[in-house]
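Structure below is entry_0.cif: mmCIF, N, CA and C atoms.
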```
data_coords
#
loop_
_atom_site.group_PDB
_atom_site.id
_atom_site.type_symbol
_atom_site.label_atom_id
_atom_site.label_comp_id
_atom_site.auth_asym_id
_atom_site.auth_seq_id
_atom_site.Cartn_x
_atom_site.Cartn_y
_atom_site.Cartn_z
ATOM 1 N N MET O 1 -11.975 -7.088 -2.296
ATOM 2 C CA MET O 1 -10.827 -7.901 -2.653
ATOM 3 C C MET O 1 -10.571 -8.891 -1.515
ATOM 4 N N GLY O 2 -10.300 -10.100 -1.860
ATOM 5 C CA GLY O 2 -10.083 -11.130 -0.859
ATOM 6 C C GLY O 2 -8.616 -11.451 -0.644
ATOM 7 N N PRO O 3 -8.314 -12.278 0.372
ATOM 8 C CA PRO O 3 -6.933 -12.636 0.694
ATOM 9 C C PRO O 3 -6.167 -13.277 -0.462
ATOM 10 N N ALA O 4 -6.815 -14.103 -1.269
ATOM 11 C CA ALA O 4 -6.133 -14.749 -2.399
ATOM 12 C C ALA O 4 -5.718 -13.712 -3.442
ATOM 13 N N GLN O 5 -6.562 -12.724 -3.679
ATOM 14 C CA GLN O 5 -6.230 -11.674 -4.643
ATOM 15 C C GLN O 5 -5.098 -10.791 -4.118
ATOM 16 N N VAL O 6 -5.099 -10.497 -2.837
ATOM 17 C CA VAL O 6 -4.049 -9.675 -2.226
ATOM 18 C C VAL O 6 -2.700 -10.369 -2.369
ATOM 19 N N ARG O 7 -2.670 -11.668 -2.186
ATOM 20 C CA ARG O 7 -1.426 -12.441 -2.272
ATOM 21 C C ARG O 7 -0.755 -12.277 -3.636
ATOM 22 N N ASN O 8 -1.533 -12.044 -4.694
ATOM 23 C CA ASN O 8 -0.994 -11.961 -6.046
ATOM 24 C C ASN O 8 -0.611 -10.553 -6.496
ATOM 25 N N LEU O 9 -0.811 -9.536 -5.658
ATOM 26 C CA LEU O 9 -0.472 -8.167 -6.042
ATOM 27 C C LEU O 9 1.040 -7.973 -6.074
ATOM 28 N N ARG O 10 1.528 -7.208 -7.045
ATOM 29 C CA ARG O 10 2.970 -6.972 -7.214
ATOM 30 C C ARG O 10 3.244 -5.492 -7.453
ATOM 31 N N HIS O 11 4.532 -5.149 -7.541
ATOM 32 C CA HIS O 11 4.965 -3.775 -7.796
ATOM 33 C C HIS O 11 4.541 -3.308 -9.191
ATOM 34 N N GLY O 12 4.676 -2.019 -9.428
ATOM 35 C CA GLY O 12 4.282 -1.442 -10.706
ATOM 36 C C GLY O 12 5.458 -1.222 -11.644
ATOM 37 N N VAL O 13 5.147 -0.620 -12.792
ATOM 38 C CA VAL O 13 6.152 -0.299 -13.805
ATOM 39 C C VAL O 13 5.892 1.129 -14.277
ATOM 40 N N VAL O 14 6.955 1.915 -14.436
ATOM 41 C CA VAL O 14 6.821 3.290 -14.915
ATOM 42 C C VAL O 14 6.246 3.263 -16.324
ATOM 43 N N LYS O 15 5.164 4.009 -16.550
ATOM 44 C CA LYS O 15 4.504 3.992 -17.852
ATOM 45 C C LYS O 15 5.103 5.001 -18.819
ATOM 46 N N GLU O 16 5.426 6.195 -18.318
ATOM 47 C CA GLU O 16 6.024 7.218 -19.169
ATOM 48 C C GLU O 16 7.302 7.708 -18.518
ATOM 49 N N GLY O 17 8.373 7.746 -19.284
ATOM 50 C CA GLY O 17 9.645 8.206 -18.755
ATOM 51 C C GLY O 17 9.650 9.703 -18.542
ATOM 52 N N GLY O 18 10.535 10.155 -17.700
ATOM 53 C CA GLY O 18 10.685 11.575 -17.421
ATOM 54 C C GLY O 18 12.150 11.869 -17.164
ATOM 55 N N LYS O 19 12.420 12.946 -16.445
ATOM 56 C CA LYS O 19 13.800 13.324 -16.145
ATOM 57 C C LYS O 19 14.483 12.328 -15.221
ATOM 58 N N LYS O 20 13.739 11.831 -14.223
ATOM 59 C CA LYS O 20 14.341 10.958 -13.215
ATOM 60 C C LYS O 20 14.030 9.484 -13.413
ATOM 61 N N ARG O 21 13.019 9.176 -14.220
ATOM 62 C CA ARG O 21 12.593 7.783 -14.346
ATOM 63 C C ARG O 21 12.531 7.355 -15.803
ATOM 64 N N ILE O 22 12.756 6.080 -16.021
ATOM 65 C CA ILE O 22 12.763 5.509 -17.364
ATOM 66 C C ILE O 22 11.531 4.623 -17.533
ATOM 67 N N ALA O 23 10.862 4.748 -18.673
ATOM 68 C CA ALA O 23 9.685 3.909 -18.938
ATOM 69 C C ALA O 23 10.073 2.440 -18.870
ATOM 70 N N GLY O 24 9.229 1.634 -18.244
ATOM 71 C CA GLY O 24 9.488 0.206 -18.104
ATOM 72 C C GLY O 24 10.251 -0.159 -16.844
ATOM 73 N N GLU O 25 10.736 0.831 -16.129
ATOM 74 C CA GLU O 25 11.485 0.610 -14.893
ATOM 75 C C GLU O 25 10.515 0.230 -13.767
ATOM 76 N N PRO O 26 10.881 -0.715 -12.878
ATOM 77 C CA PRO O 26 9.988 -1.075 -11.772
ATOM 78 C C PRO O 26 9.817 0.091 -10.802
ATOM 79 N N CYS O 27 8.640 0.191 -10.188
ATOM 80 C CA CYS O 27 8.375 1.255 -9.220
ATOM 81 C C CYS O 27 7.413 0.758 -8.152
ATOM 82 N N VAL O 28 7.277 1.546 -7.098
ATOM 83 C CA VAL O 28 6.352 1.226 -6.013
ATOM 84 C C VAL O 28 4.922 1.368 -6.523
ATOM 85 N N ALA O 29 4.050 0.448 -6.108
ATOM 86 C CA ALA O 29 2.636 0.520 -6.476
ATOM 87 C C ALA O 29 1.794 0.467 -5.205
ATOM 88 N N TYR O 30 0.700 1.224 -5.202
ATOM 89 C CA TYR O 30 -0.257 1.211 -4.103
ATOM 90 C C TYR O 30 -1.541 0.590 -4.629
ATOM 91 N N HIS O 31 -1.955 -0.513 -4.023
ATOM 92 C CA HIS O 31 -3.172 -1.209 -4.436
ATOM 93 C C HIS O 31 -4.230 -1.022 -3.362
ATOM 94 N N ARG O 32 -5.301 -0.305 -3.696
ATOM 95 C CA ARG O 32 -6.413 -0.114 -2.766
ATOM 96 C C ARG O 32 -7.161 -1.435 -2.656
ATOM 97 N N VAL O 33 -7.411 -1.873 -1.433
ATOM 98 C CA VAL O 33 -8.005 -3.194 -1.243
ATOM 99 C C VAL O 33 -9.458 -3.164 -0.793
ATOM 100 N N GLY O 34 -9.966 -2.006 -0.408
ATOM 101 C CA GLY O 34 -11.366 -1.910 -0.002
ATOM 102 C C GLY O 34 -11.593 -2.316 1.436
ATOM 103 N N GLY O 35 -12.799 -2.101 1.880
ATOM 104 C CA GLY O 35 -13.173 -2.419 3.252
ATOM 105 C C GLY O 35 -13.065 -1.221 4.167
ATOM 106 N N VAL O 36 -12.007 -0.415 4.013
ATOM 107 C CA VAL O 36 -11.798 0.805 4.784
ATOM 108 C C VAL O 36 -11.235 1.843 3.818
ATOM 109 N N ASP O 37 -11.824 3.040 3.803
ATOM 110 C CA ASP O 37 -11.322 4.091 2.929
ATOM 111 C C ASP O 37 -9.854 4.373 3.223
ATOM 112 N N GLY O 38 -9.027 4.381 2.183
ATOM 113 C CA GLY O 38 -7.619 4.716 2.328
ATOM 114 C C GLY O 38 -6.695 3.544 2.590
ATOM 115 N N LEU O 39 -7.216 2.350 2.817
ATOM 116 C CA LEU O 39 -6.363 1.194 3.077
ATOM 117 C C LEU O 39 -5.759 0.702 1.768
ATOM 118 N N ALA O 40 -4.436 0.536 1.758
ATOM 119 C CA ALA O 40 -3.748 0.099 0.545
ATOM 120 C C ALA O 40 -2.594 -0.831 0.893
ATOM 121 N N LEU O 41 -2.244 -1.680 -0.057
ATOM 122 C CA LEU O 41 -1.062 -2.528 0.061
ATOM 123 C C LEU O 41 0.023 -1.873 -0.775
ATOM 124 N N GLN O 42 1.116 -1.472 -0.130
ATOM 125 C CA GLN O 42 2.243 -0.854 -0.816
ATOM 126 C C GLN O 42 3.185 -1.975 -1.253
ATOM 127 N N CYS O 43 3.437 -2.071 -2.563
ATOM 128 C CA CYS O 43 4.294 -3.120 -3.113
ATOM 129 C C CYS O 43 5.548 -2.502 -3.710
ATOM 130 N N ARG O 44 6.693 -2.887 -3.196
ATOM 131 C CA ARG O 44 7.980 -2.371 -3.682
ATOM 132 C C ARG O 44 8.600 -3.371 -4.651
ATOM 133 N N PRO O 45 9.414 -2.880 -5.588
ATOM 134 C CA PRO O 45 10.099 -3.793 -6.519
ATOM 135 C C PRO O 45 11.090 -4.686 -5.768
ATOM 136 N N PRO O 46 11.365 -5.867 -6.302
ATOM 137 C CA PRO O 46 12.332 -6.759 -5.646
ATOM 138 C C PRO O 46 13.750 -6.212 -5.749
ATOM 139 N N THR O 47 14.557 -6.500 -4.732
ATOM 140 C CA THR O 47 15.977 -6.177 -4.787
ATOM 141 C C THR O 47 16.719 -7.413 -5.280
ATOM 142 N N THR O 48 17.994 -7.304 -5.484
ATOM 143 C CA THR O 48 18.791 -8.409 -5.990
ATOM 144 C C THR O 48 18.608 -9.658 -5.128
ATOM 145 N N GLY O 49 18.300 -10.764 -5.771
ATOM 146 C CA GLY O 49 18.139 -12.027 -5.071
ATOM 147 C C GLY O 49 16.736 -12.293 -4.554
ATOM 148 N N GLN O 50 15.813 -11.361 -4.739
ATOM 149 C CA GLN O 50 14.443 -11.569 -4.293
ATOM 150 C C GLN O 50 13.544 -11.889 -5.479
ATOM 151 N N GLU O 51 12.558 -12.735 -5.233
ATOM 152 C CA GLU O 51 11.580 -13.061 -6.272
ATOM 153 C C GLU O 51 10.518 -11.967 -6.365
ATOM 154 N N ILE O 52 10.040 -11.534 -5.191
ATOM 155 C CA ILE O 52 9.084 -10.421 -5.144
ATOM 156 C C ILE O 52 9.594 -9.411 -4.125
ATOM 157 N N GLY O 53 9.159 -8.170 -4.261
ATOM 158 C CA GLY O 53 9.585 -7.119 -3.341
ATOM 159 C C GLY O 53 8.799 -7.138 -2.051
ATOM 160 N N SER O 54 9.178 -6.264 -1.150
ATOM 161 C CA SER O 54 8.479 -6.185 0.131
ATOM 162 C C SER O 54 7.099 -5.568 -0.063
ATOM 163 N N ARG O 55 6.196 -5.946 0.821
ATOM 164 C CA ARG O 55 4.822 -5.452 0.766
ATOM 165 C C ARG O 55 4.404 -5.074 2.180
ATOM 166 N N SER O 56 3.702 -3.959 2.293
ATOM 167 C CA SER O 56 3.243 -3.527 3.606
ATOM 168 C C SER O 56 1.913 -2.793 3.491
ATOM 169 N N TRP O 57 1.179 -2.815 4.595
ATOM 170 C CA TRP O 57 -0.123 -2.157 4.653
ATOM 171 C C TRP O 57 0.057 -0.709 5.063
ATOM 172 N N VAL O 58 -0.624 0.200 4.370
ATOM 173 C CA VAL O 58 -0.609 1.610 4.733
ATOM 174 C C VAL O 58 -2.031 2.155 4.703
ATOM 175 N N LEU O 59 -2.275 3.103 5.574
ATOM 176 C CA LEU O 59 -3.534 3.840 5.575
ATOM 177 C C LEU O 59 -3.215 5.220 5.040
ATOM 178 N N ILE O 60 -3.785 5.568 3.894
ATOM 179 C CA ILE O 60 -3.533 6.861 3.262
ATOM 180 C C ILE O 60 -4.671 7.788 3.669
ATOM 181 N N ALA O 61 -4.322 8.867 4.386
ATOM 182 C CA ALA O 61 -5.330 9.789 4.901
ATOM 183 C C ALA O 61 -4.846 11.220 4.744
ATOM 184 N N THR O 62 -5.789 12.140 4.712
ATOM 185 C CA THR O 62 -5.458 13.554 4.688
ATOM 186 C C THR O 62 -5.613 14.085 6.105
ATOM 187 N N VAL O 63 -4.543 14.647 6.631
ATOM 188 C CA VAL O 63 -4.554 15.238 7.962
ATOM 189 C C VAL O 63 -4.247 16.717 7.764
ATOM 190 N N GLY O 64 -5.220 17.553 8.074
ATOM 191 C CA GLY O 64 -5.085 18.973 7.746
ATOM 192 C C GLY O 64 -5.121 19.102 6.236
ATOM 193 N N LEU O 65 -4.077 19.644 5.662
ATOM 194 C CA LEU O 65 -3.983 19.767 4.203
ATOM 195 C C LEU O 65 -2.964 18.807 3.604
ATOM 196 N N ARG O 66 -2.411 17.933 4.415
ATOM 197 C CA ARG O 66 -1.336 17.054 3.948
ATOM 198 C C ARG O 66 -1.771 15.591 3.860
ATOM 199 N N ARG O 67 -1.229 14.919 2.860
ATOM 200 C CA ARG O 67 -1.451 13.481 2.705
ATOM 201 C C ARG O 67 -0.479 12.764 3.626
ATOM 202 N N ARG O 68 -0.980 11.820 4.385
ATOM 203 C CA ARG O 68 -0.158 11.030 5.311
ATOM 204 C C ARG O 68 -0.324 9.551 5.009
ATOM 205 N N GLU O 69 0.770 8.821 5.158
ATOM 206 C CA GLU O 69 0.741 7.365 5.045
ATOM 207 C C GLU O 69 1.049 6.807 6.420
ATOM 208 N N ILE O 70 0.087 6.126 6.991
ATOM 209 C CA ILE O 70 0.227 5.548 8.324
ATOM 210 C C ILE O 70 0.502 4.061 8.153
ATOM 211 N N GLY O 71 1.675 3.616 8.575
ATOM 212 C CA GLY O 71 2.056 2.217 8.438
ATOM 213 C C GLY O 71 1.266 1.331 9.381
ATOM 214 N N LEU O 72 0.810 0.192 8.863
ATOM 215 C CA LEU O 72 0.014 -0.742 9.657
ATOM 216 C C LEU O 72 0.695 -2.093 9.838
ATOM 217 N N GLY O 73 1.826 -2.304 9.180
ATOM 218 C CA GLY O 73 2.550 -3.564 9.314
ATOM 219 C C GLY O 73 2.813 -4.215 7.978
ATOM 220 N N GLY O 74 3.710 -5.172 7.985
ATOM 221 C CA GLY O 74 4.113 -5.861 6.760
ATOM 222 C C GLY O 74 3.199 -7.016 6.415
ATOM 223 N N TYR O 75 3.109 -7.267 5.116
ATOM 224 C CA TYR O 75 2.353 -8.419 4.615
ATOM 225 C C TYR O 75 3.362 -9.533 4.390
ATOM 226 N N PRO O 76 3.149 -10.757 4.751
ATOM 227 C CA PRO O 76 1.945 -11.425 5.228
ATOM 228 C C PRO O 76 1.832 -11.504 6.750
ATOM 229 N N ASP O 77 2.753 -10.867 7.498
ATOM 230 C CA ASP O 77 2.670 -10.909 8.966
ATOM 231 C C ASP O 77 1.358 -10.331 9.478
ATOM 232 N N VAL O 78 0.867 -9.292 8.800
ATOM 233 C CA VAL O 78 -0.430 -8.698 9.127
ATOM 234 C C VAL O 78 -1.387 -9.088 8.010
ATOM 235 N N SER O 79 -2.433 -9.814 8.348
ATOM 236 C CA SER O 79 -3.385 -10.287 7.340
ATOM 237 C C SER O 79 -4.284 -9.146 6.867
ATOM 238 N N LEU O 80 -5.048 -9.395 5.813
ATOM 239 C CA LEU O 80 -5.992 -8.411 5.289
ATOM 240 C C LEU O 80 -7.014 -8.017 6.353
ATOM 241 N N GLY O 81 -7.556 -8.980 7.064
ATOM 242 C CA GLY O 81 -8.533 -8.699 8.115
ATOM 243 C C GLY O 81 -7.939 -7.853 9.237
ATOM 244 N N GLU O 82 -6.712 -8.184 9.648
ATOM 245 C CA GLU O 82 -6.043 -7.407 10.694
ATOM 246 C C GLU O 82 -5.760 -5.986 10.214
ATOM 247 N N ALA O 83 -5.347 -5.853 8.944
ATOM 248 C CA ALA O 83 -5.070 -4.526 8.385
ATOM 249 C C ALA O 83 -6.327 -3.676 8.359
ATOM 250 N N ARG O 84 -7.456 -4.272 8.009
ATOM 251 C CA ARG O 84 -8.718 -3.529 7.998
ATOM 252 C C ARG O 84 -9.086 -3.058 9.397
ATOM 253 N N GLU O 85 -8.910 -3.923 10.390
ATOM 254 C CA GLU O 85 -9.232 -3.548 11.770
ATOM 255 C C GLU O 85 -8.291 -2.441 12.263
ATOM 256 N N LEU O 86 -6.983 -2.558 11.985
ATOM 257 C CA LEU O 86 -6.035 -1.523 12.388
ATOM 258 C C LEU O 86 -6.353 -0.192 11.713
ATOM 259 N N ALA O 87 -6.743 -0.246 10.434
ATOM 260 C CA ALA O 87 -7.077 0.976 9.698
ATOM 261 C C ALA O 87 -8.288 1.661 10.318
ATOM 262 N N ARG O 88 -9.277 0.897 10.731
ATOM 263 C CA ARG O 88 -10.458 1.484 11.382
ATOM 264 C C ARG O 88 -10.074 2.177 12.696
ATOM 265 N N GLN O 89 -9.153 1.563 13.442
ATOM 266 C CA GLN O 89 -8.727 2.115 14.722
ATOM 267 C C GLN O 89 -7.886 3.374 14.547
ATOM 268 N N LYS O 90 -7.030 3.405 13.526
ATOM 269 C CA LYS O 90 -6.073 4.499 13.366
ATOM 270 C C LYS O 90 -6.546 5.625 12.459
ATOM 271 N N ARG O 91 -7.691 5.455 11.846
ATOM 272 C CA ARG O 91 -8.205 6.480 10.931
ATOM 273 C C ARG O 91 -8.358 7.806 11.681
ATOM 274 N N PRO O 92 -7.717 8.879 11.195
ATOM 275 C CA PRO O 92 -7.861 10.183 11.865
ATOM 276 C C PRO O 92 -9.311 10.653 11.864
ATOM 277 N N ARG O 93 -9.750 11.239 12.949
ATOM 278 C CA ARG O 93 -11.130 11.705 13.063
ATOM 279 C C ARG O 93 -11.471 12.737 12.007
ATOM 280 N N SER O 94 -10.541 13.635 11.676
ATOM 281 C CA SER O 94 -10.814 14.668 10.682
ATOM 282 C C SER O 94 -10.974 14.089 9.285
ATOM 283 N N ALA O 95 -10.455 12.871 9.056
ATOM 284 C CA ALA O 95 -10.550 12.247 7.742
ATOM 285 C C ALA O 95 -11.830 11.448 7.585
ATOM 286 N N MET O 96 -12.556 11.233 8.686
ATOM 287 C CA MET O 96 -13.791 10.459 8.609
ATOM 288 C C MET O 96 -14.913 11.312 8.038
ATOM 289 N N ALA O 97 -15.742 10.671 7.235
ATOM 290 C CA ALA O 97 -16.862 11.419 6.636
ATOM 291 C C ALA O 97 -18.158 11.058 7.311
#
```

File written out as structure tokens:
Amino acid sequence: MGPAQVRNLRHGVVKEGGKKRIAGEPCVAYHRVGGVDGLALQCRPPTTGQEIGSRSWVLIATVGLRRREIGLGGYPDVSLGEARELARQKRPRSAMA
């Protein structure tokens, strides 16, 4: 995935309603961008007065038996290339294959 494609990623929508969520309601989405295993762009729904929600880079890794999200910085302040480099540096050794 390239920088132009990343720029167009947005938040998600609940597909099936449940006890706490209503179908069609905006929700957080994680978009895997490739280049480094576990690197994703987290997209939040917009709040009042915003056109698009906040977006940030996260590295999703398993540490021990738990899933961890390691923050790498906000988009667009941290570019795709910078996020990939940070993800390579911060990747836990136990998560490497």

Point (-4.2, -2.5, 1.0), cut-off 12 Å, counting only C-alpha atoms, residues as a ChimeraX atom specification: /O:1-3,5-7,9-10,29-43,55-60,69-76,78-87

List every protein, DNA or RNA residue that has an atom no more than 8 Å from (9.2, -1.6, -6.2) in the file's coordinate frame, counting all atoms listed in the file, and report them as a list in words. Arg10, His11, Gly12, Val13, Glu25, Pro26, Cys27, Val28, Ala29, Gln42, Cys43, Arg44, Pro45, Pro46, Thr47, Gly53 and Ser54 of chain O

Each side padded by 3 Å, which centre and which edge lengths in Å (one decimal) define the axis-aligned box around the listed atoms of range 15-28 of chain O? Give them as JSON.
```
{"center_x": 9.5, "center_y": 6.1, "center_z": -12.6, "size_x": 16.0, "size_y": 20.4, "size_z": 19.3}
```

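One finds atom C of Ile52 in chain O at 23.8 Å from atom N of Gly18 in chain O.
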
Check chain O with DSSP on the backbone and list each residue it calls strand (DSSP E or B), as a VMD selection string. chain O and resid 12 to 13 26 to 27 29 to 32 39 to 43 55 to 63 66 to 74

Please report, as a PyMOL selection string, each residue of chain O to which DSSP assigns alpha helix (DSSP H) when run on this structure's backbone. chain O and resi 3-7+80-90
